[in-house]
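Colleague: Structure supplied as target.cif; contents: mmCIF, C-alpha atoms.
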```cif
data_work
loop_
_atom_site.label_atom_id
_atom_site.label_comp_id
_atom_site.auth_asym_id
_atom_site.auth_seq_id
_atom_site.Cartn_x
_atom_site.Cartn_y
_atom_site.Cartn_z
CA MET Z 1 -46.80 31.56 121.99
CA SER Z 2 -43.98 31.07 119.51
CA GLY Z 3 -42.76 28.51 117.02
CA HIS Z 4 -39.85 26.19 117.60
CA GLY Z 5 -37.28 28.22 115.68
CA SER Z 6 -34.84 30.91 116.76
CA LEU Z 7 -35.51 33.59 114.13
CA VAL Z 8 -38.27 36.08 113.39
CA LEU Z 9 -39.35 36.99 109.89
CA GLY Z 10 -40.14 40.73 109.92
CA VAL Z 11 -42.49 42.09 107.25
CA GLU Z 12 -42.93 45.83 106.69
CA THR Z 13 -45.41 47.29 104.16
CA SER Z 14 -46.74 50.38 105.92
CA CYS Z 15 -46.05 52.80 103.08
CA ASP Z 16 -44.08 52.57 99.85
CA ASP Z 17 -41.36 49.95 100.36
CA THR Z 18 -41.81 46.20 100.60
CA ALA Z 19 -39.29 45.08 103.24
CA VAL Z 20 -38.59 41.66 104.72
CA ALA Z 21 -35.81 40.52 107.07
CA LEU Z 22 -34.74 37.70 109.37
CA VAL Z 23 -33.63 38.74 112.86
CA ASP Z 24 -32.42 36.83 115.91
CA PRO Z 25 -33.22 37.83 119.53
CA ARG Z 26 -30.00 39.91 119.82
CA GLY Z 27 -30.85 42.06 116.81
CA SER Z 28 -28.46 40.38 114.39
CA VAL Z 29 -29.83 40.64 110.87
CA ILE Z 30 -29.45 37.29 109.10
CA ALA Z 31 -30.87 38.47 105.78
CA SER Z 32 -32.78 41.49 104.49
CA CYS Z 33 -34.41 42.53 101.24
CA VAL Z 34 -36.21 45.76 100.29
CA ALA Z 35 -38.19 46.32 97.09
CA SER Z 36 -38.16 50.10 96.69
CA GLN Z 37 -41.02 52.01 95.09
CA ALA Z 38 -39.17 55.34 94.82
CA ALA Z 39 -39.10 55.32 91.02
CA LEU Z 40 -42.83 54.51 90.88
CA HIS Z 41 -43.83 57.56 92.96
CA THR Z 42 -41.32 60.12 91.65
CA THR Z 43 -43.73 61.32 88.97
CA PHE Z 44 -46.24 62.31 91.66
CA GLY Z 45 -43.75 63.93 94.03
CA GLY Z 46 -44.99 61.69 96.82
CA VAL Z 47 -46.59 58.33 97.55
CA TYR Z 48 -49.63 57.41 95.44
CA PRO Z 49 -51.46 55.05 97.85
CA GLU Z 50 -53.29 52.88 95.32
CA LEU Z 51 -50.14 52.29 93.28
CA ALA Z 52 -48.23 51.53 96.47
CA SER Z 53 -50.71 48.79 97.38
CA ARG Z 54 -50.51 47.21 93.94
CA ALA Z 55 -46.72 47.27 93.99
CA HIS Z 56 -46.72 45.52 97.38
CA ILE Z 57 -48.93 42.77 95.95
CA ASP Z 58 -46.44 42.23 93.13
CA LYS Z 59 -43.32 42.29 95.30
CA ILE Z 60 -44.11 40.80 98.68
CA LEU Z 61 -43.88 37.07 97.96
CA PRO Z 62 -40.72 37.43 95.81
CA THR Z 63 -39.18 39.53 98.61
CA VAL Z 64 -39.98 36.89 101.23
CA GLN Z 65 -38.58 34.21 98.96
CA ALA Z 66 -35.39 36.21 98.36
CA VAL Z 67 -34.75 36.50 102.11
CA LEU Z 68 -35.32 32.79 102.70
CA SER Z 69 -33.21 31.79 99.71
CA ASP Z 70 -30.32 34.11 100.61
CA SER Z 71 -30.21 32.82 104.18
CA GLY Z 72 -31.03 29.15 103.63
CA VAL Z 73 -33.63 29.48 106.39
CA ARG Z 74 -36.73 27.27 106.30
CA PRO Z 75 -40.14 28.03 107.79
CA ARG Z 76 -39.49 25.53 110.61
CA ASP Z 77 -36.58 27.73 111.71
CA LEU Z 78 -38.96 30.58 112.60
CA ALA Z 79 -40.20 31.48 116.06
CA ALA Z 80 -42.77 33.86 114.56
CA ILE Z 81 -43.64 36.21 111.75
CA GLY Z 82 -43.89 39.86 112.77
CA VAL Z 83 -45.80 42.21 110.47
CA THR Z 84 -46.64 45.90 110.67
CA ARG Z 85 -50.29 46.49 111.57
CA GLY Z 86 -50.09 50.31 111.74
CA PRO Z 87 -49.74 53.17 111.49
CA GLY Z 88 -49.59 53.45 107.72
CA LEU Z 89 -51.57 53.38 104.50
CA ILE Z 90 -54.56 51.06 104.84
CA GLY Z 91 -54.07 49.31 101.50
CA SER Z 92 -50.35 48.77 102.04
CA LEU Z 93 -50.92 47.46 105.55
CA MET Z 94 -53.53 44.99 104.35
CA VAL Z 95 -51.17 43.46 101.80
CA GLY Z 96 -48.53 42.76 104.45
CA LEU Z 97 -50.99 41.52 107.06
CA ASN Z 98 -52.87 39.20 104.72
CA THR Z 99 -49.67 37.78 103.29
CA ALA Z 100 -48.19 37.20 106.74
CA ALA Z 101 -51.41 35.57 107.94
CA GLY Z 102 -51.43 33.22 104.96
CA LEU Z 103 -47.78 32.28 105.38
CA GLY Z 104 -48.23 31.72 109.10
CA HIS Z 105 -51.21 29.47 108.52
CA GLY Z 106 -49.42 27.45 105.86
CA TRP Z 107 -46.17 27.17 107.81
CA GLU Z 108 -47.86 26.71 111.21
CA VAL Z 109 -45.94 29.67 112.62
CA PRO Z 110 -47.55 32.34 114.85
CA VAL Z 111 -48.07 35.78 113.33
CA ILE Z 112 -47.86 38.95 115.46
CA GLY Z 113 -49.08 42.40 114.45
CA VAL Z 114 -46.41 44.99 115.30
CA ASN Z 115 -46.63 48.73 115.91
CA HIS Z 116 -44.55 50.41 113.20
CA LEU Z 117 -43.42 53.12 115.62
CA ARG Z 118 -42.10 50.51 118.06
CA GLY Z 119 -40.17 49.05 115.16
CA HIS Z 120 -38.42 52.37 114.61
CA LEU Z 121 -37.65 52.66 118.33
CA ARG Z 122 -35.93 49.26 118.24
CA SER Z 123 -33.92 50.02 115.10
CA ALA Z 124 -31.17 51.63 117.18
CA ASP Z 125 -30.30 48.19 118.59
CA LEU Z 126 -30.00 46.42 115.24
CA GLU Z 127 -26.62 44.72 114.71
CA GLU Z 128 -25.45 45.74 118.19
CA SER Z 129 -26.97 46.88 121.48
CA ARG Z 130 -26.57 50.67 121.65
CA VAL Z 131 -29.33 52.14 123.78
CA LYS Z 132 -28.51 53.02 127.39
CA PHE Z 133 -31.53 53.51 129.65
CA PRO Z 134 -33.17 55.73 130.59
CA ALA Z 135 -33.22 57.49 127.23
CA ILE Z 136 -34.97 60.20 125.30
CA VAL Z 137 -35.95 59.10 121.81
CA LEU Z 138 -36.59 61.40 118.87
CA LEU Z 139 -38.51 59.63 116.11
CA VAL Z 140 -38.37 61.60 112.87
CA SER Z 141 -39.78 60.18 109.65
CA GLY Z 142 -42.05 60.93 106.72
CA GLY Z 143 -45.14 60.24 108.77
CA HIS Z 144 -44.13 60.95 112.35
CA THR Z 145 -42.23 63.34 114.59
CA LEU Z 146 -42.31 62.60 118.32
CA LEU Z 147 -40.35 62.58 121.54
CA ALA Z 148 -40.62 59.81 124.12
CA ARG Z 149 -38.89 58.78 127.33
CA LEU Z 150 -37.72 55.18 127.46
CA GLU Z 151 -37.16 53.43 130.77
CA SER Z 152 -36.72 50.10 128.97
CA THR Z 153 -37.58 48.56 125.63
CA THR Z 154 -41.16 48.11 126.82
CA ASP Z 155 -41.64 51.11 129.16
CA ILE Z 156 -42.20 54.02 126.79
CA ARG Z 157 -43.91 57.34 127.57
CA LEU Z 158 -44.81 59.85 124.88
CA ILE Z 159 -43.75 63.38 125.88
CA GLY Z 160 -44.09 65.34 122.63
CA SER Z 161 -45.42 65.01 119.09
CA THR Z 162 -46.21 67.05 116.00
CA VAL Z 163 -49.47 68.97 115.87
CA ASP Z 164 -49.51 68.97 112.05
CA ASP Z 165 -46.91 67.92 109.46
CA SER Z 166 -44.03 65.65 110.36
CA VAL Z 167 -40.55 66.92 109.61
CA GLY Z 168 -40.13 64.26 106.93
CA GLU Z 169 -43.36 65.38 105.28
CA ALA Z 170 -42.10 68.97 105.30
CA TYR Z 171 -38.86 67.82 103.67
CA ASP Z 172 -40.77 66.04 100.91
CA LYS Z 173 -43.06 69.02 100.25
CA VAL Z 174 -40.21 71.52 100.15
CA ALA Z 175 -38.26 69.20 97.85
CA ARG Z 176 -41.28 69.16 95.52
CA MET Z 177 -41.35 72.98 95.54
CA LEU Z 178 -37.68 72.99 94.56
CA GLY Z 179 -38.15 70.39 91.84
CA LEU Z 180 -35.91 67.86 93.56
CA GLY Z 181 -38.14 64.82 93.13
CA TYR Z 182 -39.07 62.06 95.57
CA PRO Z 183 -37.96 61.06 98.16
CA GLY Z 184 -37.19 64.63 99.11
CA GLY Z 185 -35.20 64.25 102.32
CA PRO Z 186 -31.97 62.85 100.87
CA ALA Z 187 -32.14 65.32 97.95
CA ILE Z 188 -32.42 68.34 100.25
CA ASP Z 189 -29.67 67.05 102.52
CA ARG Z 190 -27.35 66.66 99.52
CA LEU Z 191 -28.17 70.12 98.15
CA ALA Z 192 -28.11 72.15 101.39
CA PRO Z 193 -24.32 72.09 102.04
CA SER Z 194 -23.70 73.86 98.73
CA GLY Z 195 -26.00 76.76 99.65
CA THR Z 196 -26.02 79.69 102.05
CA PRO Z 197 -28.99 80.27 104.38
CA ARG Z 198 -29.68 83.83 103.20
CA VAL Z 199 -33.18 83.94 104.67
CA ARG Z 200 -34.25 83.01 108.19
CA PHE Z 201 -37.32 80.85 107.99
CA PRO Z 202 -39.56 80.58 111.10
CA ARG Z 203 -38.89 78.03 113.84
CA PRO Z 204 -42.48 77.12 114.83
CA MET Z 205 -43.12 76.37 118.52
CA LEU Z 206 -39.39 76.62 119.23
CA ARG Z 207 -39.85 77.63 122.90
CA GLN Z 208 -43.29 76.12 123.40
CA GLY Z 209 -42.98 72.82 125.22
CA LEU Z 210 -42.01 69.55 123.57
CA ASP Z 211 -44.52 69.45 120.72
CA PHE Z 212 -43.59 70.19 117.11
CA SER Z 213 -45.13 72.03 114.17
CA PHE Z 214 -43.70 72.10 110.64
CA SER Z 215 -46.68 73.25 108.57
CA GLY Z 216 -45.87 76.93 109.07
CA LEU Z 217 -42.25 76.41 108.08
CA LYS Z 218 -43.31 74.62 104.90
CA SER Z 219 -45.75 77.44 104.08
CA ALA Z 220 -43.05 80.07 104.72
CA VAL Z 221 -40.80 78.40 102.17
CA GLU Z 222 -43.67 78.33 99.67
CA ARG Z 223 -44.38 82.06 100.16
CA TYR Z 224 -40.69 82.92 99.88
CA LEU Z 225 -40.33 81.04 96.60
CA ALA Z 226 -43.44 82.75 95.19
CA ALA Z 227 -42.06 86.19 96.12
CA THR Z 228 -38.46 85.44 95.09
CA PRO Z 229 -38.50 83.78 91.66
CA ASP Z 230 -34.71 84.06 91.33
CA ALA Z 231 -34.02 82.30 94.65
CA GLN Z 232 -31.27 79.73 94.44
CA PRO Z 233 -32.55 76.23 95.36
CA ALA Z 234 -29.36 75.44 97.30
CA ASP Z 235 -29.78 78.58 99.43
CA VAL Z 236 -33.43 77.76 100.14
CA ALA Z 237 -32.50 74.18 101.03
CA ALA Z 238 -29.76 75.42 103.38
CA ALA Z 239 -32.13 77.82 105.14
CA PHE Z 240 -34.85 75.19 105.43
CA VAL Z 241 -32.49 72.57 106.87
CA GLU Z 242 -31.07 75.12 109.31
CA ALA Z 243 -34.58 75.84 110.62
CA CYS Z 244 -35.46 72.15 110.93
CA MET Z 245 -32.23 71.34 112.77
CA GLU Z 246 -32.68 74.17 115.25
CA VAL Z 247 -36.19 73.01 116.09
CA LEU Z 248 -35.28 69.33 116.43
CA ILE Z 249 -32.12 69.86 118.46
CA SER Z 250 -33.70 72.51 120.70
CA LYS Z 251 -36.61 70.18 121.51
CA CYS Z 252 -34.19 67.33 122.27
CA HIS Z 253 -32.21 69.62 124.56
CA ALA Z 254 -35.37 70.72 126.38
CA ALA Z 255 -36.53 67.11 126.78
CA ILE Z 256 -33.18 66.01 128.21
CA LYS Z 257 -33.18 68.91 130.67
CA GLU Z 258 -36.72 68.09 131.81
CA TYR Z 259 -36.18 64.33 131.91
CA PRO Z 260 -32.50 63.59 132.72
CA VAL Z 261 -31.32 60.49 130.86
CA SER Z 262 -28.25 58.48 129.94
CA SER Z 263 -28.67 58.68 126.19
CA LEU Z 264 -30.45 60.31 123.27
CA VAL Z 265 -31.82 57.94 120.63
CA ILE Z 266 -32.69 59.25 117.16
CA VAL Z 267 -34.56 56.95 114.77
CA GLY Z 268 -36.69 57.14 111.64
CA GLY Z 269 -35.88 58.06 108.06
CA VAL Z 270 -34.71 61.58 108.92
CA ALA Z 271 -32.17 60.01 111.30
CA ALA Z 272 -30.16 59.30 108.13
CA SER Z 273 -29.64 63.05 107.68
CA PRO Z 274 -25.93 63.91 108.04
CA GLN Z 275 -26.88 67.36 109.32
CA LEU Z 276 -29.04 65.89 112.09
CA ARG Z 277 -26.39 63.35 113.03
CA ALA Z 278 -23.73 66.07 113.27
CA ALA Z 279 -25.93 68.41 115.32
CA ALA Z 280 -27.01 65.60 117.67
CA THR Z 281 -23.39 64.54 118.17
CA GLU Z 282 -22.50 68.08 119.22
CA LEU Z 283 -25.51 68.30 121.56
CA CYS Z 284 -24.78 65.02 123.32
CA ALA Z 285 -21.07 65.80 123.67
CA GLY Z 286 -21.95 69.08 125.36
CA LEU Z 287 -24.42 67.40 127.73
CA GLY Z 288 -22.17 64.43 128.49
CA ILE Z 289 -24.68 61.77 127.43
CA GLY Z 290 -24.55 59.01 124.83
CA LEU Z 291 -25.95 59.31 121.33
CA CYS Z 292 -27.58 56.19 119.89
CA LEU Z 293 -28.17 56.09 116.15
CA PRO Z 294 -29.12 53.14 113.96
CA PRO Z 295 -26.87 52.46 110.99
CA VAL Z 296 -28.10 54.61 108.10
CA LYS Z 297 -29.46 51.56 106.23
CA TRP Z 298 -31.73 50.74 109.18
CA SER Z 299 -33.05 54.30 109.61
CA THR Z 300 -35.65 54.12 106.86
CA ASP Z 301 -38.52 51.61 106.92
CA ASN Z 302 -37.19 48.05 106.96
CA GLY Z 303 -38.19 44.52 107.93
CA ALA Z 304 -35.35 44.12 110.42
CA MET Z 305 -36.77 46.71 112.84
CA ILE Z 306 -40.14 44.95 112.74
CA GLY Z 307 -38.41 41.64 113.36
CA LEU Z 308 -36.54 42.92 116.42
CA ALA Z 309 -39.68 44.54 117.82
CA THR Z 310 -41.46 41.22 117.42
CA TRP Z 311 -39.06 39.67 119.92
CA ASP Z 312 -40.34 42.17 122.52
CA TYR Z 313 -43.87 40.92 121.92
CA LEU Z 314 -42.75 37.29 122.22
CA THR Z 315 -40.77 37.97 125.41
CA ASN Z 316 -43.76 39.63 127.03
CA GLY Z 317 -46.31 37.10 125.77
CA ILE Z 318 -48.22 39.76 123.82
CA THR Z 319 -50.27 38.84 120.78
CA ASN Z 320 -52.29 41.26 118.67
CA THR Z 321 -55.07 40.85 116.17
CA LEU Z 322 -54.00 41.22 112.55
CA GLU Z 323 -56.47 44.01 111.94
CA PRO Z 324 -54.83 46.97 110.17
CA VAL Z 325 -54.91 50.18 112.22
CA PRO Z 326 -53.79 53.12 110.02
CA GLY Z 327 -53.71 55.56 112.94
CA LEU Z 328 -52.08 53.29 115.52
CA GLY Z 329 -50.30 55.37 118.14
CA MET Z 330 -47.58 54.89 120.72
CA GLU Z 331 -50.14 53.90 123.36
CA ALA Z 332 -50.50 50.51 121.66
CA PHE Z 333 -47.65 48.07 122.34
#
```
Turn this file's structure into structure tokens for me.
Modeller:
Amino acid sequence: MSGHGSLVLGVETSCDDTAVALVDPRGSVIASCVASQAALHTTFGGVYPELASRAHIDKILPTVQAVLSDSGVRPRDLAAIGVTRGPGLIGSLMVGLNTAAGLGHGWEVPVIGVNHLRGHLRSADLEESRVKFPAIVLLVSGGHTLLARLESTTDIRLIGSTVDDSVGEAYDKVARMLGLGYPGGPAIDRLAPSGTPRVRFPRPMLRQGLDFSFSGLKSAVERYLAATPDAQPADVAAAFVEACMEVLISKCHAAIKEYPVSSLVIVGGVAASPQLRAAATELCAGLGIGLCLPPVKWSTDNGAMIGLATWDYLTNGITNTLEPVPGLGMEAF
């Protein structure tokens, strides 16, 4: 069931950014607004869940209003509201879900709970259709690292995932060790090119199937810094990034060899990494397949990816409860 309009309002509050966007069925982004919490969490070197929830409460209605005002769109122009129901922080999810439910009731527009991971998968088709099926997708973010095979936008099979830390989590923790602040990923990526990888950090599970592990790599960096007080942060960052890239690209290569495809799709916050983009470009050129990357601004959490994913739910007649599910996995649409 959908409303009478031709746009979806996507609402994303799974972690530390309040994001809202308007998206049409082709993935064109009519308007988007993100209220960042980066400054709020910098002091803690990571996301403080209770503060994140409170910040969402303060920002969500002004963010929705900003998107509607910027676009001139009215509630009657909406086909639906799509809102992240998981995975994510329970308090943050509840703010988005309750707000979306209230708006939907008041505007008489259906509200659909969306899997955050599916939102990331669809981000590669924002602004233009890029993905060529079948495809291997690498999802790399602060909370998730996984490989999946896509036969279509709705036929997705998980083929590998992390057994401990995500790569984005490892980036943030290593950045904290180096005193680089939060968020750590962009800071490490900026620092690494000025350093030399003088130490070879471990590449956990490099030749062991399609699953990932980054906890050991993070711990190796911690031990190295404790034993080498005069280590140069840029050199450590360079060595850490080199290890991460080898693991990610090697796993992508193995997945493509095992499951031949037309394209490799890389999404999630770490997909903004220039090092990963360069390495993936080289891999795909050598294998003769396409590389599909979302624009950098759509790599991190955003409302547009939730909005586009919502169209998949509408097309397939799928409705979900608005119950928050912090550990929602890929098995849920």
Colleague: Please evaluate the PyMOL selection byres ((chain Z and resi 97-99) around 12) against the displayed coordinates and give the resulting residues as an mmCIF file with C-alpha atoms, keeping the file's coordinate frame.
Modeller:
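Contents of part_16.cif, as written:
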```
data_model
loop_
_atom_site.group_PDB
_atom_site.id
_atom_site.type_symbol
_atom_site.label_atom_id
_atom_site.label_comp_id
_atom_site.auth_asym_id
_atom_site.auth_seq_id
_atom_site.Cartn_x
_atom_site.Cartn_y
_atom_site.Cartn_z
ATOM 1 C CA GLY Z 10 -40.140 40.730 109.920
ATOM 2 C CA VAL Z 11 -42.490 42.090 107.250
ATOM 3 C CA GLU Z 12 -42.930 45.830 106.690
ATOM 4 C CA THR Z 13 -45.410 47.290 104.160
ATOM 5 C CA SER Z 14 -46.740 50.380 105.920
ATOM 6 C CA THR Z 18 -41.810 46.200 100.600
ATOM 7 C CA VAL Z 20 -38.590 41.660 104.720
ATOM 8 C CA HIS Z 56 -46.720 45.520 97.380
ATOM 9 C CA ILE Z 57 -48.930 42.770 95.950
ATOM 10 C CA ASP Z 58 -46.440 42.230 93.130
ATOM 11 C CA LYS Z 59 -43.320 42.290 95.300
ATOM 12 C CA ILE Z 60 -44.110 40.800 98.680
ATOM 13 C CA LEU Z 61 -43.880 37.070 97.960
ATOM 14 C CA PRO Z 62 -40.720 37.430 95.810
ATOM 15 C CA THR Z 63 -39.180 39.530 98.610
ATOM 16 C CA VAL Z 64 -39.980 36.890 101.230
ATOM 17 C CA ILE Z 81 -43.640 36.210 111.750
ATOM 18 C CA GLY Z 82 -43.890 39.860 112.770
ATOM 19 C CA VAL Z 83 -45.800 42.210 110.470
ATOM 20 C CA THR Z 84 -46.640 45.900 110.670
ATOM 21 C CA ARG Z 85 -50.290 46.490 111.570
ATOM 22 C CA GLY Z 86 -50.090 50.310 111.740
ATOM 23 C CA ILE Z 90 -54.560 51.060 104.840
ATOM 24 C CA GLY Z 91 -54.070 49.310 101.500
ATOM 25 C CA SER Z 92 -50.350 48.770 102.040
ATOM 26 C CA LEU Z 93 -50.920 47.460 105.550
ATOM 27 C CA MET Z 94 -53.530 44.990 104.350
ATOM 28 C CA VAL Z 95 -51.170 43.460 101.800
ATOM 29 C CA GLY Z 96 -48.530 42.760 104.450
ATOM 30 C CA ALA Z 100 -48.190 37.200 106.740
ATOM 31 C CA ALA Z 101 -51.410 35.570 107.940
ATOM 32 C CA GLY Z 102 -51.430 33.220 104.960
ATOM 33 C CA LEU Z 103 -47.780 32.280 105.380
ATOM 34 C CA GLY Z 104 -48.230 31.720 109.100
ATOM 35 C CA HIS Z 105 -51.210 29.470 108.520
ATOM 36 C CA GLY Z 106 -49.420 27.450 105.860
ATOM 37 C CA VAL Z 111 -48.070 35.780 113.330
ATOM 38 C CA ILE Z 112 -47.860 38.950 115.460
ATOM 39 C CA GLY Z 113 -49.080 42.400 114.450
ATOM 40 C CA VAL Z 114 -46.410 44.990 115.300
ATOM 41 C CA ASN Z 320 -52.290 41.260 118.670
ATOM 42 C CA THR Z 321 -55.070 40.850 116.170
ATOM 43 C CA LEU Z 322 -54.000 41.220 112.550
ATOM 44 C CA GLU Z 323 -56.470 44.010 111.940
ATOM 45 C CA PRO Z 324 -54.830 46.970 110.170
ATOM 46 C CA VAL Z 325 -54.910 50.180 112.220
#
```
Colleague: Need to verify the contact set: segment 125-128 of chain Z, 7 Å, only C-alpha atoms, exclusion of same-chain residues closer than 4 positions in sequence. Can you return it as a PyMOL selection string?
Modeller: chain Z and resi 27-29+294
Colleague: Within 10 Å of segment 253-265 of chain Z, counting all atoms listed in the file, which residues show up once you throw out same-chain ones fewer than 5 positions away? Write them as a PyMOL selection string, please.
Modeller: chain Z and resi 121-124+130-139+147-151+159-160+207+209-210+247-248+271+280-281+283-284+287-294
Colleague: Step by step, work through what the PyMOL selection byres ((chain Z and resi 246) around 12) selects in the shown file, and finish by giving those residues as a list of chain:residue names.
Modeller: Z:Arg200, Z:Phe201, Z:Pro202, Z:Arg203, Z:Pro204, Z:Met205, Z:Leu206, Z:Arg207, Z:Phe212, Z:Ala239, Z:Phe240, Z:Val241, Z:Glu242, Z:Ala243, Z:Cys244, Z:Met245, Z:Val247, Z:Leu248, Z:Ile249, Z:Ser250, Z:Lys251, Z:Cys252, Z:His253, Z:Ala254, Z:Gln275, Z:Leu276, Z:Ala279, Z:Ala280, Z:Leu283
Colleague: Separation of atom CA of Leu158 of chain Z and atom CA of Thr315 of chain Z, in Å?
Modeller: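 Spanning atom CA of Leu158 of chain Z to atom CA of Thr315 of chain Z is a straight-line distance of 22.3 Å.
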Colleague: Can you work out the spacing between atom CA of Arg118 of chain Z and atom CA of Ala52 of chain Z in Å, to one decimal?
Modeller: 22.5 Å
Colleague: Counting all atoms listed in the file, what is within 6 Å of segment 161-178 of chain Z, bar same-chain residues fewer than 5 positions away, as a ChimeraX atom specification?
Modeller: /Z:45,141-146,184-185,211-215,218
Colleague: Starting from the PyMOL selection byres ((chain Z and resi 67) around 10), expand the selection into actual residues of this file and give them as a list of chain:residue names.
Modeller: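 Applied to this file, the PyMOL selection byres ((chain Z and resi 67) around 10) returns Z:Leu9, Z:Ala19, Z:Val20, Z:Ala21, Z:Leu22, Z:Ile30, Z:Ala31, Z:Ser32, Z:Cys33, Z:Val34, Z:Pro62, Z:Thr63, Z:Val64, Z:Gln65, Z:Ala66, Z:Leu68, Z:Ser69, Z:Asp70, Z:Ser71, Z:Gly72, Z:Val73.
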